[in-house]
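Coordinates from target-v7.pdb are shown below (PDB, C-alpha atoms).
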```pdb
ATOM      1  CA  MET G  29       4.855 -28.181  -9.109
ATOM      2  CA  CYS G  30       1.672 -27.577 -11.027
ATOM      3  CA  LYS G  31       1.856 -27.723 -14.837
ATOM      4  CA  PRO G  32      -0.205 -25.102 -16.690
ATOM      5  CA  ASN G  33      -2.566 -25.821 -19.553
ATOM      6  CA  GLU G  34      -3.369 -23.456 -22.438
ATOM      7  CA  SER G  35      -6.428 -22.040 -20.687
ATOM      8  CA  ILE G  36      -4.580 -21.075 -17.502
ATOM      9  CA  GLU G  37      -1.714 -19.601 -19.538
ATOM     10  CA  LYS G  38      -4.241 -17.311 -21.234
ATOM     11  CA  THR G  39      -5.660 -16.429 -17.812
ATOM     12  CA  VAL G  40      -2.208 -15.569 -16.433
ATOM     13  CA  THR G  41      -1.438 -13.451 -19.505
ATOM     14  CA  GLU G  42      -4.725 -11.592 -19.119
ATOM     15  CA  LEU G  43      -4.025 -10.996 -15.434
ATOM     16  CA  MET G  44      -0.566  -9.601 -16.169
ATOM     17  CA  GLU G  45      -1.978  -7.279 -18.845
ATOM     18  CA  ILE G  46      -4.618  -6.017 -16.411
ATOM     19  CA  ARG G  47      -1.971  -5.472 -13.716
ATOM     20  CA  ALA G  48       0.066  -3.415 -16.197
ATOM     21  CA  MET G  49      -3.008  -1.288 -16.970
ATOM     22  CA  ILE G  50      -3.679  -0.839 -13.250
ATOM     23  CA  GLU G  51      -0.091   0.304 -12.706
ATOM     24  CA  GLU G  52      -0.436   2.895 -15.490
ATOM     25  CA  LEU G  53      -3.735   4.119 -14.033
ATOM     26  CA  GLU G  54      -2.245   4.304 -10.521
ATOM     27  CA  GLU G  55       0.596   6.462 -11.860
ATOM     28  CA  GLU G  56      -1.923   8.719 -13.594
ATOM     29  CA  ALA G  57      -4.032   8.922 -10.427
ATOM     30  CA  GLU G  58      -0.938   9.791  -8.387
ATOM     31  CA  GLY G  59      -0.187  12.677 -10.761
ATOM     32  CA  LEU G  60      -3.752  13.965 -10.499
ATOM     33  CA  THR G  61      -3.588  13.673  -6.717
ATOM     34  CA  ASP G  62      -0.360  15.677  -6.653
ATOM     35  CA  THR G  63      -2.032  18.387  -8.763
ATOM     36  CA  ILE G  64      -4.945  18.603  -6.310
ATOM     37  CA  LYS G  65      -2.585  18.712  -3.305
ATOM     38  CA  ALA G  66      -0.577  21.512  -4.920
ATOM     39  CA  PHE G  67      -3.779  23.456  -5.576
ATOM     40  CA  MET G  68      -4.927  23.043  -1.980
ATOM     41  CA  ALA G  69      -1.530  24.161  -0.617
ATOM     42  CA  ASP G  70      -2.073  24.623   3.138
ATOM     43  CA  ALA G  71      -5.864  24.261   3.033
ATOM     44  CA  GLU G  72      -7.159  21.241   4.923
ATOM     45  CA  THR G  73     -10.489  20.805   3.157
ATOM     46  CA  MET G  74     -12.095  21.583  -0.168
ATOM     47  CA  VAL G  75     -15.549  20.869  -1.536
ATOM     48  CA  CYS G  76     -15.377  20.139  -5.242
ATOM     49  CA  GLY G  77     -18.722  19.218  -6.777
ATOM     50  CA  PRO G  78     -20.120  16.263  -4.849
ATOM     51  CA  TRP G  79     -16.751  15.463  -3.233
ATOM     52  CA  LYS G  80     -15.326  16.721   0.031
ATOM     53  CA  ILE G  81     -11.539  16.499  -0.081
ATOM     54  CA  THR G  82      -9.471  16.530   3.083
ATOM     55  CA  TYR G  83      -5.706  16.931   3.154
ATOM     56  CA  ARG G  84      -4.554  17.438   6.691
ATOM     57  CA  GLU G  85      -1.631  16.415   8.781
ATOM     58  CA  THR G  86      -2.161  13.503  11.121
ATOM     59  CA  VAL G  87       0.087  12.399  13.934
ATOM     60  CA  SER G  88       0.468   8.822  15.029
ATOM     61  CA  LYS G  89       2.691   7.026  17.495
ATOM     62  CA  ARG G  90       4.327   3.708  16.800
ATOM     63  CA  ILE G  91       6.551   1.532  18.902
ATOM     64  CA  ASP G  92      10.180   1.627  17.791
ATOM     65  CA  SER G  93      10.968  -2.050  18.279
ATOM     66  CA  ALA G  94      14.588  -1.601  17.160
ATOM     67  CA  ALA G  95      15.183   0.954  19.922
ATOM     68  CA  LEU G  96      13.433  -1.279  22.475
ATOM     69  CA  LYS G  97      15.577  -4.247  21.468
ATOM     70  CA  LYS G  98      18.681  -2.096  21.805
ATOM     71  CA  ASP G  99      17.693  -0.736  25.205
ATOM     72  CA  LEU G 100      16.041  -3.800  26.752
ATOM     73  CA  GLY G 101      17.495  -6.681  24.778
ATOM     74  CA  ALA G 102      15.801  -8.813  22.156
ATOM     75  CA  ASP G 103      14.494 -11.306  24.722
ATOM     76  CA  ALA G 104      12.445  -8.609  26.482
ATOM     77  CA  LEU G 105      10.106  -8.370  23.472
ATOM     78  CA  GLU G 106       9.633 -12.097  22.940
ATOM     79  CA  GLY G 107       6.301 -12.295  24.760
ATOM     80  CA  TYR G 108       4.848  -9.439  22.725
ATOM     81  CA  TYR G 109       5.301 -10.782  19.211
ATOM     82  CA  LYS G 110       2.217 -11.896  17.342
ATOM     83  CA  THR G 111       2.629 -14.575  14.699
ATOM     84  CA  VAL G 112       0.808 -13.927  11.455
ATOM     85  CA  VAL G 113       0.525 -16.614   8.799
ATOM     86  CA  SER G 114      -0.067 -15.654   5.191
ATOM     87  CA  ARG G 115       0.067 -17.229   1.767
ATOM     88  CA  PRO G 116       1.071 -14.532  -0.733
ATOM     89  CA  PHE G 117       0.124 -14.968  -4.384
ATOM     90  CA  ARG G 118       2.907 -13.726  -6.658
ATOM     91  CA  ILE G 119       3.649 -13.911 -10.345
ATOM     92  CA  ALA G 120       7.237 -13.196 -11.318
TER      93      ALA G 120
END
```
For the file at hand, write its structure as structure tokens.
Amino acid sequence: MCKPNESIEKTVTELMEIRAMIEELEEEAEGLTDTIKAFMADAETMVCGPWKITYRETVSKRIDSAALKKDLGADALEGYYKTVVSRPFRIA
């Protein structure tokens, strides 16, 4: 385990304060987005000043791996899994 010094503790505190500000701004942005969506109603596009806003339905298809496992058995999918390695950075 790594032991922090005073400088890194200040850095972590600053990071957490910035993350809190970002969260508040994201909530505010989400509210503004909802207001714009409500205004647009069923319209798919709107030009507002220099911005072109699109809000249209998209359709995508995804593989339902749970249903495939149920129907074909878990072993049938084994050759199709892709291993992804990551190293998440978290502060709790």
Point-to-point distance from atom CA of Gly107 of chain G to atom CA of Ser88 of chain G, Å rounded to tenths:
24.0 Å
The residues within 8 Å of (-4.8, 18.7, -1.4), using only C-alpha atoms and the coordinates of the file, should be reported as a count of residues only; which are they?
17
Find the distance between atom CA of Glu58 of chain G and atom CA of Arg84 of chain G and write it in Å to one decimal.
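Separation of atom CA of Glu58 of chain G and atom CA of Arg84 of chain G: 17.3 Å.
Reported to one decimal place, the separation of atom CA of Phe117 of chain G from atom CA of Glu52 of chain G is 21.0 Å.
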Would you compute, for all listed atoms of segment 62-65 of chain G, the axis-aligned bounding box grown by 4 Å on each side, and then report its centre and edge lengths in Å rounded to one decimal, as AutoDock Vina command-line options?
```
--center_x -2.7 --center_y 17.2 --center_z -6.0 --size_x 12.6 --size_y 11.0 --size_z 13.5
```
